[in-house]
Each structure stands twice: as structure tokens, then as C-alpha cells.
file coords_3.txt (compact mmCIF, C-alpha atoms and all ligand atoms)
# COMPACT_ATOMS: atom_id res chain seq x y z
CA MET A 1080 99.62 10.83 -56.53
CA SER A 1081 97.28 9.31 -53.97
CA ALA A 1082 98.36 6.18 -52.07
CA LYS A 1083 97.30 2.91 -53.67
CA PHE A 1084 95.66 -0.13 -52.14
CA ILE A 1085 97.00 -3.37 -53.65
CA THR A 1086 95.82 -6.87 -52.74
CA LEU A 1087 97.37 -10.28 -53.45
CA GLU A 1088 95.25 -13.37 -53.98
CA GLY A 1089 95.36 -16.95 -55.18
CA VAL A 1090 94.82 -20.53 -54.02
CA ASP A 1091 96.99 -21.64 -51.10
CA GLY A 1092 100.40 -22.56 -52.52
CA ALA A 1093 100.22 -20.33 -55.61
CA GLY A 1094 103.10 -18.18 -54.37
CA LYS A 1095 101.76 -14.84 -53.18
CA SER A 1096 103.91 -14.98 -50.01
CA THR A 1097 107.03 -15.52 -52.16
CA HIS A 1098 106.33 -12.29 -54.05
CA LEU A 1099 104.91 -10.10 -51.28
CA ASP A 1100 108.17 -8.67 -49.89
CA TRP A 1101 109.58 -8.17 -53.37
CA ILE A 1102 106.52 -6.16 -54.41
CA ALA A 1103 106.79 -4.08 -51.21
CA GLY A 1104 110.46 -3.40 -52.01
CA ARG A 1105 109.59 -2.42 -55.56
CA ILE A 1106 107.02 0.13 -54.35
CA GLU A 1107 109.51 1.57 -51.83
CA ALA A 1108 112.11 1.81 -54.58
CA ALA A 1109 109.61 3.98 -56.47
CA GLY A 1110 109.72 6.37 -53.49
CA GLN A 1111 106.49 5.40 -51.72
CA ARG A 1112 105.91 4.37 -48.11
CA VAL A 1113 104.22 0.97 -47.97
CA LEU A 1114 102.44 -0.94 -45.24
CA VAL A 1115 102.32 -4.74 -45.60
CA THR A 1116 99.38 -6.42 -43.90
CA ARG A 1117 97.15 -9.48 -44.21
CA GLU A 1118 93.66 -10.92 -43.92
CA PRO A 1119 92.18 -12.38 -41.95
CA GLY A 1120 94.24 -10.39 -39.46
CA GLY A 1121 96.10 -7.11 -39.59
CA THR A 1122 94.94 -5.87 -36.15
CA PRO A 1123 95.19 -7.45 -32.67
CA LEU A 1124 91.49 -8.41 -32.78
CA GLY A 1125 91.78 -9.52 -36.41
CA GLU A 1126 94.70 -11.80 -35.56
CA GLU A 1127 92.63 -13.37 -32.76
CA LEU A 1128 89.82 -13.94 -35.24
CA ARG A 1129 92.34 -15.40 -37.70
CA ARG A 1130 93.49 -17.91 -35.09
CA LEU A 1131 89.89 -19.06 -34.62
CA LEU A 1132 89.07 -19.05 -38.34
CA LEU A 1133 92.09 -21.17 -39.25
CA ALA A 1134 91.66 -23.70 -36.45
CA GLN A 1135 88.04 -23.95 -35.42
CA SER A 1136 85.31 -25.61 -37.42
CA MET A 1137 82.21 -23.38 -37.70
CA HIS A 1138 79.08 -22.71 -39.74
CA LEU A 1139 79.81 -21.24 -43.16
CA GLU A 1140 77.85 -18.06 -42.44
CA THR A 1141 79.67 -17.62 -39.13
CA GLU A 1142 82.98 -18.02 -40.98
CA THR A 1143 81.96 -15.36 -43.51
CA LEU A 1144 80.72 -12.93 -40.86
CA LEU A 1145 83.96 -13.30 -38.89
CA MET A 1146 86.02 -12.64 -42.04
CA PHE A 1147 84.08 -9.41 -42.53
CA ALA A 1148 84.21 -8.47 -38.83
CA ALA A 1149 88.01 -8.75 -38.97
CA ARG A 1150 87.94 -6.79 -42.25
CA ARG A 1151 85.91 -3.90 -40.81
CA GLU A 1152 88.37 -3.59 -37.93
CA HIS A 1153 91.29 -3.76 -40.35
CA LEU A 1154 89.84 -1.10 -42.66
CA GLN A 1155 88.92 1.22 -39.82
CA ARG A 1156 92.10 0.99 -37.77
CA VAL A 1157 94.81 0.23 -40.33
CA ILE A 1158 94.00 0.44 -44.04
CA LEU A 1159 91.99 3.68 -44.20
CA PRO A 1160 94.32 5.65 -41.85
CA ALA A 1161 97.38 4.48 -43.83
CA LEU A 1162 95.87 5.49 -47.17
CA ALA A 1163 94.75 8.83 -45.72
CA ALA A 1164 98.36 9.45 -44.56
CA GLY A 1165 99.67 8.74 -48.06
CA THR A 1166 101.05 5.27 -47.25
CA TRP A 1167 100.46 2.54 -49.79
CA VAL A 1168 98.83 -0.63 -48.48
CA LEU A 1169 99.82 -4.07 -49.70
CA CYS A 1170 97.41 -6.64 -48.32
CA ASP A 1171 97.85 -10.42 -48.42
CA ARG A 1172 94.22 -11.39 -49.30
CA PHE A 1173 91.07 -9.27 -49.07
CA THR A 1174 87.41 -9.61 -50.10
CA ASP A 1175 88.12 -11.49 -53.35
CA ALA A 1176 89.28 -14.32 -51.04
CA THR A 1177 85.83 -14.39 -49.46
CA TYR A 1178 84.20 -14.68 -52.90
CA ALA A 1179 86.71 -17.41 -53.83
CA TYR A 1180 86.82 -19.46 -50.61
CA GLN A 1181 83.45 -18.99 -48.90
CA GLY A 1182 81.61 -18.38 -52.20
CA GLY A 1183 83.38 -20.64 -54.74
CA GLY A 1184 84.99 -23.15 -52.38
CA ARG A 1185 82.20 -23.60 -49.87
CA GLY A 1186 79.21 -22.60 -51.99
CA LEU A 1187 77.90 -19.53 -50.13
CA ASP A 1188 75.52 -17.44 -52.25
CA PRO A 1189 77.67 -14.55 -53.59
CA GLY A 1190 74.68 -12.24 -53.08
CA ARG A 1191 75.20 -12.63 -49.33
CA ILE A 1192 78.87 -11.70 -49.69
CA GLU A 1193 77.92 -8.67 -51.76
CA ILE A 1194 75.67 -7.37 -48.98
CA LEU A 1195 78.53 -7.60 -46.47
CA GLU A 1196 80.98 -6.12 -48.98
CA HIS A 1197 78.78 -3.02 -49.40
CA TRP A 1198 78.39 -2.65 -45.66
CA VAL A 1199 82.03 -3.19 -44.72
CA HIS A 1200 83.86 -1.54 -47.64
CA GLN A 1201 81.71 1.58 -47.75
CA GLY A 1202 82.74 2.11 -51.36
CA LEU A 1203 86.45 1.31 -51.06
CA GLN A 1204 87.96 -1.19 -53.53
CA PRO A 1205 91.58 -2.13 -54.10
CA ASP A 1206 93.27 -0.16 -56.90
CA LEU A 1207 94.94 -3.34 -58.10
CA THR A 1208 94.47 -7.02 -57.25
CA LEU A 1209 97.07 -9.57 -58.32
CA VAL A 1210 95.71 -13.12 -58.49
CA PHE A 1211 98.46 -15.76 -58.61
CA ASP A 1212 96.98 -18.48 -60.78
CA LEU A 1213 98.25 -22.04 -60.74
CA SER A 1214 96.91 -25.55 -61.32
CA VAL A 1215 95.56 -26.98 -58.09
CA GLU A 1216 97.85 -30.02 -58.39
CA GLU A 1217 101.00 -27.87 -58.59
CA ALA A 1218 99.71 -25.60 -55.78
CA LYS A 1219 99.28 -28.70 -53.61
CA ARG A 1220 102.83 -29.86 -54.36
CA ARG A 1221 104.18 -26.44 -53.38
CA ARG A 1222 102.02 -26.37 -50.23
CA LEU A 1223 103.24 -29.77 -49.11
CA ALA A 1224 106.85 -28.70 -49.64
CA ALA A 1225 106.34 -25.44 -47.70
CA THR A 1226 103.86 -26.21 -44.89
CA ALA A 1227 104.51 -28.53 -41.96
CA ALA A 1228 101.11 -28.13 -40.29
CA PRO A 1229 98.31 -27.30 -42.75
CA ASP A 1230 95.47 -25.12 -41.38
CA ARG A 1231 91.74 -25.77 -41.77
CA PHE A 1232 91.67 -24.33 -45.31
CA GLU A 1233 94.92 -25.94 -46.46
CA GLN A 1234 93.49 -29.34 -45.47
CA GLU A 1235 90.74 -29.07 -48.09
CA GLY A 1236 90.85 -31.36 -51.16
CA LEU A 1237 91.62 -30.65 -54.80
CA GLU A 1238 87.92 -30.20 -55.75
CA PHE A 1239 87.61 -27.41 -53.18
CA PHE A 1240 90.70 -25.64 -54.52
CA ALA A 1241 89.50 -26.12 -58.10
CA ARG A 1242 86.31 -24.23 -57.17
CA VAL A 1243 88.35 -21.52 -55.41
CA ARG A 1244 90.55 -21.15 -58.48
CA SER A 1245 87.53 -20.94 -60.83
CA ALA A 1246 85.98 -18.25 -58.66
CA TYR A 1247 89.17 -16.16 -58.85
CA VAL A 1248 89.34 -16.60 -62.63
CA ALA A 1249 85.67 -15.59 -62.95
CA ARG A 1250 86.24 -12.47 -60.83
CA ALA A 1251 89.27 -11.51 -62.91
CA ALA A 1252 87.10 -11.76 -66.04
CA ARG A 1253 84.37 -9.68 -64.41
CA PHE A 1254 86.66 -6.92 -63.11
CA PRO A 1255 89.43 -6.78 -65.73
CA GLN A 1256 90.45 -3.21 -64.83
CA ARG A 1257 91.19 -4.06 -61.21
CA ILE A 1258 92.09 -7.77 -61.14
CA ARG A 1259 95.10 -9.20 -63.00
CA LEU A 1260 95.66 -12.94 -63.29
CA ILE A 1261 99.35 -13.84 -63.02
CA ASP A 1262 100.53 -17.17 -64.43
CA ALA A 1263 102.29 -18.52 -61.34
CA SER A 1264 103.50 -21.73 -63.00
CA GLN A 1265 106.60 -19.93 -64.29
CA THR A 1266 109.91 -19.42 -62.48
CA VAL A 1267 110.06 -16.77 -59.75
CA GLU A 1268 112.19 -14.62 -62.09
CA ALA A 1269 109.70 -14.81 -64.96
CA THR A 1270 106.82 -13.99 -62.63
CA ARG A 1271 108.78 -10.99 -61.29
CA ASN A 1272 109.16 -9.62 -64.79
CA ILE A 1273 105.39 -9.61 -65.17
CA LEU A 1274 104.95 -8.08 -61.71
CA GLU A 1275 107.52 -5.41 -62.53
CA GLU A 1276 105.39 -4.24 -65.45
CA LEU A 1277 102.16 -4.26 -63.47
CA ILE A 1278 103.64 -2.44 -60.49
CA SER A 1279 105.31 0.13 -62.73
CA SER A 1280 101.97 0.86 -64.31
CA VAL A 1281 100.48 1.86 -60.94
CA CYS A 1282 103.63 3.51 -59.54
CA ILE A 1283 103.88 6.07 -62.34
P1 LIG B 1301 96.83 -17.31 -46.29
O1 LIG B 1301 97.15 -16.00 -46.89
O2 LIG B 1301 96.86 -18.48 -47.21
O3 LIG B 1301 97.77 -17.57 -45.06
P2 LIG B 1301 99.16 -18.37 -45.00
O4 LIG B 1301 99.80 -18.25 -46.37
O5 LIG B 1301 99.91 -17.66 -43.93
O6 LIG B 1301 98.77 -19.77 -44.63
O7 LIG B 1301 95.34 -17.13 -45.67
C1 LIG B 1301 94.79 -17.97 -44.72
C2 LIG B 1301 93.55 -18.66 -45.20
O8 LIG B 1301 92.38 -17.86 -45.04
C3 LIG B 1301 93.56 -19.10 -46.66
O9 LIG B 1301 93.49 -20.51 -46.69
C4 LIG B 1301 92.30 -18.54 -47.26
C5 LIG B 1301 91.46 -18.16 -46.08
N1 LIG B 1301 90.57 -16.99 -46.32
C6 LIG B 1301 89.24 -17.20 -46.59
O10 LIG B 1301 88.77 -18.35 -46.66
N2 LIG B 1301 88.41 -16.11 -46.77
C7 LIG B 1301 88.87 -14.84 -46.68
O11 LIG B 1301 88.08 -13.87 -46.84
C8 LIG B 1301 90.27 -14.64 -46.40
C9 LIG B 1301 90.81 -13.25 -46.28
C10 LIG B 1301 91.09 -15.73 -46.23
call {"tool": "encode", "arguments": {"input": "coords_3.txt", "output": "C-alpha cells"}}
result
Amino acid sequence: MSAKFITLEGVDGAGKSTHLDWIAGRIEAAGQRVLVTREPGGTPLGEELRRLLLAQSMHLETETLLMFAARREHLQRVILPALAAGTWVLCDRFTDATYAYQGGGRGLDPGRIEILEHWVHQGLQPDLTLVFDLSVEEAKRRRLAATAAPDRFEQEGLEFFARVRSAYVARAARFPQRIRLIDASQTVEATRNILEELISSVCI
């Protein structure tokens, strides 16, 4: 079986970080090597770009181009070599986040994002994308409980996150084979039961 590329998505506070290590453990328990990484970031240059992206105000197109610059570096140096070596890749956010945040949240024409996606992905797509879906009010409550110093994105208001959430839901409807919406309002245990089924279906 070839190595799989799995991405985790959702509005800030929906709980992907809570489930990330558990999913990695589940894949390892199925006998696969797994690399856990994140976007923006995942390489030394990508982490530098992340620092700027999360702190520094900038033009929306600049923000989008930097996300994709970090992504190209990440694909080239980390994701593609890992997959080629048979290691599964579990990535905390990927291009669906650009459609959701820069597209849905900030209103960038998705056609622009598509152009960059074609250029940067060169045909690669995740095998499975898990979108943790939660009301924006509950996500905010969880964020406030978990985050002492919110970054530039986490400081956005509820309307912004409502647009981000809608964009994720729309993408899940458009790509039902790849993207699975997970009801993240349940307990961690209940969510894990759903994840267990989804991960088993790709691990077999
Ligand atoms: P996040 O995974 O939420 O980091 P953490 O949980 O450590 O705070 O990601 C950081 C932020 O980057 C998040 O608010 C969404 C944003 N982001 C985009 O706006 N576009 C993108 O393409 C990506 C990958 C992330």
C-alpha cells in the first residue's frame, strides 16, 4: 500500500490539535511510519514565513502568496520525499485552509487560489482531509480557554470565522470523496470513535 497524505482542518478552536497525536498513534499502530507536520511551516524557511504570517499585517494577496511559497518548500523538501519513502504524512492544515481563510474569511477570489494550487501542488492532493466542524461561538469559547496570546488570525471576529466555516463546509460538499466533516461538538471520546472508523478505512 502506498503512503497516504492526510490533512486536518477546521476553524481555530475546533480541536484538530487535540486529535492530531492520537491520529498519528493510530496510524503507527496500524504498522505505518508517520510524519506529523504543519502549515504554514514544516521547514525552517516555512516556519520563518509562519512567524511573519501570524504576526505581521500584510496585503491579502501577499498573505496568500506567502502561504503558497511556504507550501512549495514544504512539499518539495518534506512531504514529497516522505511519501516517496513510504512514510505517511499527517499535516495540520494545507490548501483547504487557504480556500477557507484567504478565500472565505478574507474574500479572495477562489480562482486566484486555484491558479496557485495548480502551480504549487503539481497534481498532488491529500488522500483524506478531516475538517473539524464546530459552531463559531463554541470554537471561540475553546480558543479563549486554550490560548493566552491569540495570533493575527485568532483575533478575527465571529463573522470572519463564520465565513471560514462555511467555506470548509462548501468544500466538503464539493469534494465528498476526499473531505470528511467531523462534528467536533461532541466529547473527545465520541469524536475519536468517528475518527477510528475513518482512519481504519484508509489504513486497510
Ligand atoms: P493553526 O493550525 O490554527 O495554528 P495553531 O493551532 O498552532 O494556532 O494555524 C495557524 C493559522 O494559519 C490559522 O489561524 C489559519 C491560518 N492559515 C491560513 O489563513 N491559510 C492557510 O493556508 C493556512 C495553512 C493557515
call {"tool": "residues_around", "arguments": {"input": "coords_3.txt", "residues": "Gly1089 (chain A)", "least_positions_apart": "2", "cutoff": "12 Å", "atoms": "all atoms listed in the file", "output": "number ranges by chain"}}
result
A: 1086-1087, 1091-1096, 1098, 1171-1180, 1208-1215, 1218, 1240-1248, 1250-1251, 1258-1263
call {"tool": "closest_residue", "arguments": {"input": "coords_3.txt", "among": "A:Thr1097, A:Glu1088, A:Thr1226, A:Glu1107", "to": "Val1267 (chain A)", "atoms": "only C-alpha atoms"}}
result
A:Thr1097
call {"tool": "residues_around", "arguments": {"input": "coords_3.txt", "residues": "Val1115 (chain A)", "least_positions_apart": "4", "cutoff": "10 Å", "atoms": "only C-alpha atoms", "output": "list in words"}}
result
Ile1085, Thr1086, Leu1099, Asp1100, Ile1102, Ala1103, Gly1121, Ile1158, Trp1167, Val1168, Leu1169, Cys1170 and Asp1171 of chain A
call {"tool": "atom_distance", "arguments": {"input": "coords_3.txt", "atom1": "CA of Ser1279 (chain A)", "atom2": "CA of Leu1114 (chain A)"}}
result
17.8 Å
call {"tool": "closest_residue", "arguments": {"input": "coords_3.txt", "among": "A:Ala1228, A:Ala1163, A:Leu1144, A:Ala1134", "to": "Leu1195 (chain A)", "atoms": "all atoms listed in the file"}}
result
A:Leu1144
call {"tool": "atom_distance", "arguments": {"input": "coords_3.txt", "atom1": "CA of Glu1235 (chain A)", "atom2": "CA of Arg1129 (chain A)"}}
result
17.2 Å
call {"tool": "axis_aligned_box", "arguments": {"input": "coords_3.txt", "around": "region 1180-1187 of chain A", "padding_each_side": "5 Å", "output": "JSON"}}
result
{"center_x": 82.4, "center_y": -21.0, "center_z": -51.8, "size_x": 18.9, "size_y": 15.2, "size_z": 15.8}
call {"tool": "closest_residue", "arguments": {"input": "coords_3.txt", "among": "A:Gln1204, A:Thr1116, A:Gln1265, A:Asn1272", "to": "ligand LIG 1301 (chain B)", "atoms": "only C-alpha atoms and all ligand atoms"}}
result
A:Thr1116
call {"tool": "atom_distance", "arguments": {"input": "coords_3.txt", "atom1": "CA of Ser1081 (chain A)", "atom2": "CA of Val1281 (chain A)"}}
result
10.7 Å
call {"tool": "residues_near_point", "arguments": {"input": "coords_3.txt", "point": "(79.3, -13.7, -49.3)", "cutoff": "12 Å", "atoms": "all atoms listed in the file", "output": "JSON, numbers by chain"}}
result
{"A": [1139, 1140, 1141, 1142, 1143, 1144, 1145, 1146, 1147, 1174, 1175, 1176, 1177, 1178, 1179, 1180, 1181, 1182, 1183, 1184, 1185, 1186, 1187, 1188, 1189, 1190, 1191, 1192, 1193, 1194, 1195, 1196, 1197, 1198, 1199]}
call {"tool": "closest_residue", "arguments": {"input": "coords_3.txt", "among": "A:Glu1216, A:Glu1238, A:Glu1118, A:Glu1126", "to": "ligand LIG 1301 (chain B)", "atoms": "only C-alpha atoms and all ligand atoms"}}
result
A:Glu1118
call {"tool": "closest_residue", "arguments": {"input": "coords_3.txt", "among": "A:Pro1255, A:Gly1165, A:Pro1229, A:Gly1202", "to": "ligand LIG 1301 (chain B)", "atoms": "only C-alpha atoms and all ligand atoms"}}
result
A:Pro1229
call {"tool": "closest_residue", "arguments": {"input": "coords_3.txt", "among": "A:Arg1105, A:Leu1124, A:Gln1234, A:Gly1110", "to": "Leu1277 (chain A)", "atoms": "only C-alpha atoms"}}
result
A:Arg1105
call {"tool": "build_atoms", "arguments": {"input": "coords_3.txt", "residues": "region 1136-1147 of chain A", "atoms": "all heavy atoms", "output": "mmCIF file, in the coordinates of the input"}}
result
data_model
loop_
_atom_site.group_PDB
_atom_site.id
_atom_site.type_symbol
_atom_site.label_atom_id
_atom_site.label_comp_id
_atom_site.auth_asym_id
_atom_site.auth_seq_id
_atom_site.Cartn_x
_atom_site.Cartn_y
_atom_site.Cartn_z
ATOM 1 N N SER A 1136 86.381 -25.368 -36.457
ATOM 2 C CA SER A 1136 85.310 -25.610 -37.420
ATOM 3 C C SER A 1136 84.076 -24.795 -37.027
ATOM 4 O O SER A 1136 83.772 -24.639 -35.840
ATOM 5 C CB SER A 1136 85.058 -27.123 -37.428
ATOM 6 O OG SER A 1136 83.736 -27.394 -37.655
ATOM 7 N N MET A 1137 83.363 -24.242 -37.991
ATOM 8 C CA MET A 1137 82.210 -23.380 -37.700
ATOM 9 C C MET A 1137 81.267 -23.349 -38.892
ATOM 10 O O MET A 1137 81.640 -23.774 -39.996
ATOM 11 C CB MET A 1137 82.675 -21.950 -37.353
ATOM 12 C CG MET A 1137 83.432 -21.268 -38.464
ATOM 13 S SD MET A 1137 84.085 -19.651 -37.993
ATOM 14 C CE MET A 1137 85.516 -20.103 -37.008
ATOM 15 N N HIS A 1138 80.054 -22.838 -38.666
ATOM 16 C CA HIS A 1138 79.080 -22.710 -39.740
ATOM 17 C C HIS A 1138 79.624 -21.750 -40.805
ATOM 18 O O HIS A 1138 80.301 -20.771 -40.469
ATOM 19 C CB HIS A 1138 77.758 -22.191 -39.159
ATOM 20 C CG HIS A 1138 76.626 -22.231 -40.128
ATOM 21 N ND1 HIS A 1138 76.400 -21.226 -41.040
ATOM 22 C CD2 HIS A 1138 75.669 -23.163 -40.321
ATOM 23 C CE1 HIS A 1138 75.337 -21.539 -41.767
ATOM 24 N NE2 HIS A 1138 74.871 -22.719 -41.346
ATOM 25 N N LEU A 1139 79.304 -22.047 -42.063
ATOM 26 C CA LEU A 1139 79.810 -21.240 -43.160
ATOM 27 C C LEU A 1139 79.447 -19.750 -43.034
ATOM 28 O O LEU A 1139 80.257 -18.873 -43.337
ATOM 29 C CB LEU A 1139 79.265 -21.806 -44.488
ATOM 30 C CG LEU A 1139 79.495 -21.005 -45.761
ATOM 31 C CD1 LEU A 1139 80.978 -20.717 -45.984
ATOM 32 C CD2 LEU A 1139 78.922 -21.777 -46.955
ATOM 33 N N GLU A 1140 78.225 -19.477 -42.564
ATOM 34 C CA GLU A 1140 77.850 -18.060 -42.440
ATOM 35 C C GLU A 1140 78.617 -17.389 -41.300
ATOM 36 O O GLU A 1140 78.988 -16.216 -41.393
ATOM 37 C CB GLU A 1140 76.342 -17.929 -42.262
ATOM 38 C CG GLU A 1140 75.621 -18.302 -43.556
ATOM 39 C CD GLU A 1140 74.121 -18.180 -43.494
ATOM 40 O OE1 GLU A 1140 73.584 -17.817 -42.425
ATOM 41 O OE2 GLU A 1140 73.490 -18.463 -44.528
ATOM 42 N N THR A 1141 78.867 -18.152 -40.237
ATOM 43 C CA THR A 1141 79.670 -17.620 -39.130
ATOM 44 C C THR A 1141 81.076 -17.286 -39.643
ATOM 45 O O THR A 1141 81.619 -16.201 -39.363
ATOM 46 C CB THR A 1141 79.783 -18.651 -37.991
ATOM 47 O OG1 THR A 1141 78.484 -19.146 -37.704
ATOM 48 C CG2 THR A 1141 80.425 -18.079 -36.760
ATOM 49 N N GLU A 1142 81.637 -18.212 -40.413
ATOM 50 C CA GLU A 1142 82.980 -18.020 -40.980
ATOM 51 C C GLU A 1142 83.029 -16.728 -41.809
ATOM 52 O O GLU A 1142 83.956 -15.919 -41.690
ATOM 53 C CB GLU A 1142 83.305 -19.236 -41.858
ATOM 54 C CG GLU A 1142 84.656 -19.211 -42.513
ATOM 55 C CD GLU A 1142 84.924 -20.529 -43.255
ATOM 56 O OE1 GLU A 1142 85.070 -21.571 -42.592
ATOM 57 O OE2 GLU A 1142 84.976 -20.512 -44.503
ATOM 58 N N THR A 1143 81.999 -16.530 -42.630
ATOM 59 C CA THR A 1143 81.960 -15.360 -43.510
ATOM 60 C C THR A 1143 81.808 -14.076 -42.694
ATOM 61 O O THR A 1143 82.484 -13.071 -42.957
ATOM 62 C CB THR A 1143 80.797 -15.510 -44.506
ATOM 63 O OG1 THR A 1143 80.926 -16.781 -45.146
ATOM 64 C CG2 THR A 1143 80.807 -14.406 -45.545
ATOM 65 N N LEU A 1144 80.929 -14.117 -41.697
ATOM 66 C CA LEU A 1144 80.720 -12.930 -40.860
ATOM 67 C C LEU A 1144 81.996 -12.574 -40.094
ATOM 68 O O LEU A 1144 82.335 -11.387 -39.962
ATOM 69 C CB LEU A 1144 79.552 -13.154 -39.907
ATOM 70 C CG LEU A 1144 78.175 -13.139 -40.588
ATOM 71 C CD1 LEU A 1144 77.119 -13.786 -39.685
ATOM 72 C CD2 LEU A 1144 77.761 -11.720 -40.951
ATOM 73 N N LEU A 1145 82.717 -13.582 -39.624
ATOM 74 C CA LEU A 1145 83.960 -13.300 -38.890
ATOM 75 C C LEU A 1145 85.025 -12.716 -39.822
ATOM 76 O O LEU A 1145 85.781 -11.819 -39.434
ATOM 77 C CB LEU A 1145 84.484 -14.550 -38.189
ATOM 78 C CG LEU A 1145 83.674 -15.016 -36.977
ATOM 79 C CD1 LEU A 1145 84.320 -16.255 -36.357
ATOM 80 C CD2 LEU A 1145 83.570 -13.919 -35.919
ATOM 81 N N MET A 1146 85.077 -13.214 -41.059
ATOM 82 C CA MET A 1146 86.020 -12.640 -42.040
ATOM 83 C C MET A 1146 85.723 -11.142 -42.198
ATOM 84 O O MET A 1146 86.636 -10.315 -42.209
ATOM 85 C CB MET A 1146 85.876 -13.306 -43.419
ATOM 86 C CG MET A 1146 86.345 -14.740 -43.504
ATOM 87 S SD MET A 1146 88.137 -14.865 -43.409
ATOM 88 C CE MET A 1146 88.317 -16.657 -43.492
ATOM 89 N N PHE A 1147 84.438 -10.813 -42.316
ATOM 90 C CA PHE A 1147 84.080 -9.410 -42.530
ATOM 91 C C PHE A 1147 84.188 -8.584 -41.243
ATOM 92 O O PHE A 1147 84.440 -7.372 -41.324
ATOM 93 C CB PHE A 1147 82.686 -9.294 -43.161
ATOM 94 C CG PHE A 1147 82.728 -9.367 -44.664
ATOM 95 C CD1 PHE A 1147 82.342 -10.522 -45.329
ATOM 96 C CD2 PHE A 1147 83.168 -8.282 -45.408
ATOM 97 C CE1 PHE A 1147 82.390 -10.592 -46.721
ATOM 98 C CE2 PHE A 1147 83.219 -8.344 -46.799
ATOM 99 C CZ PHE A 1147 82.833 -9.509 -47.457
#
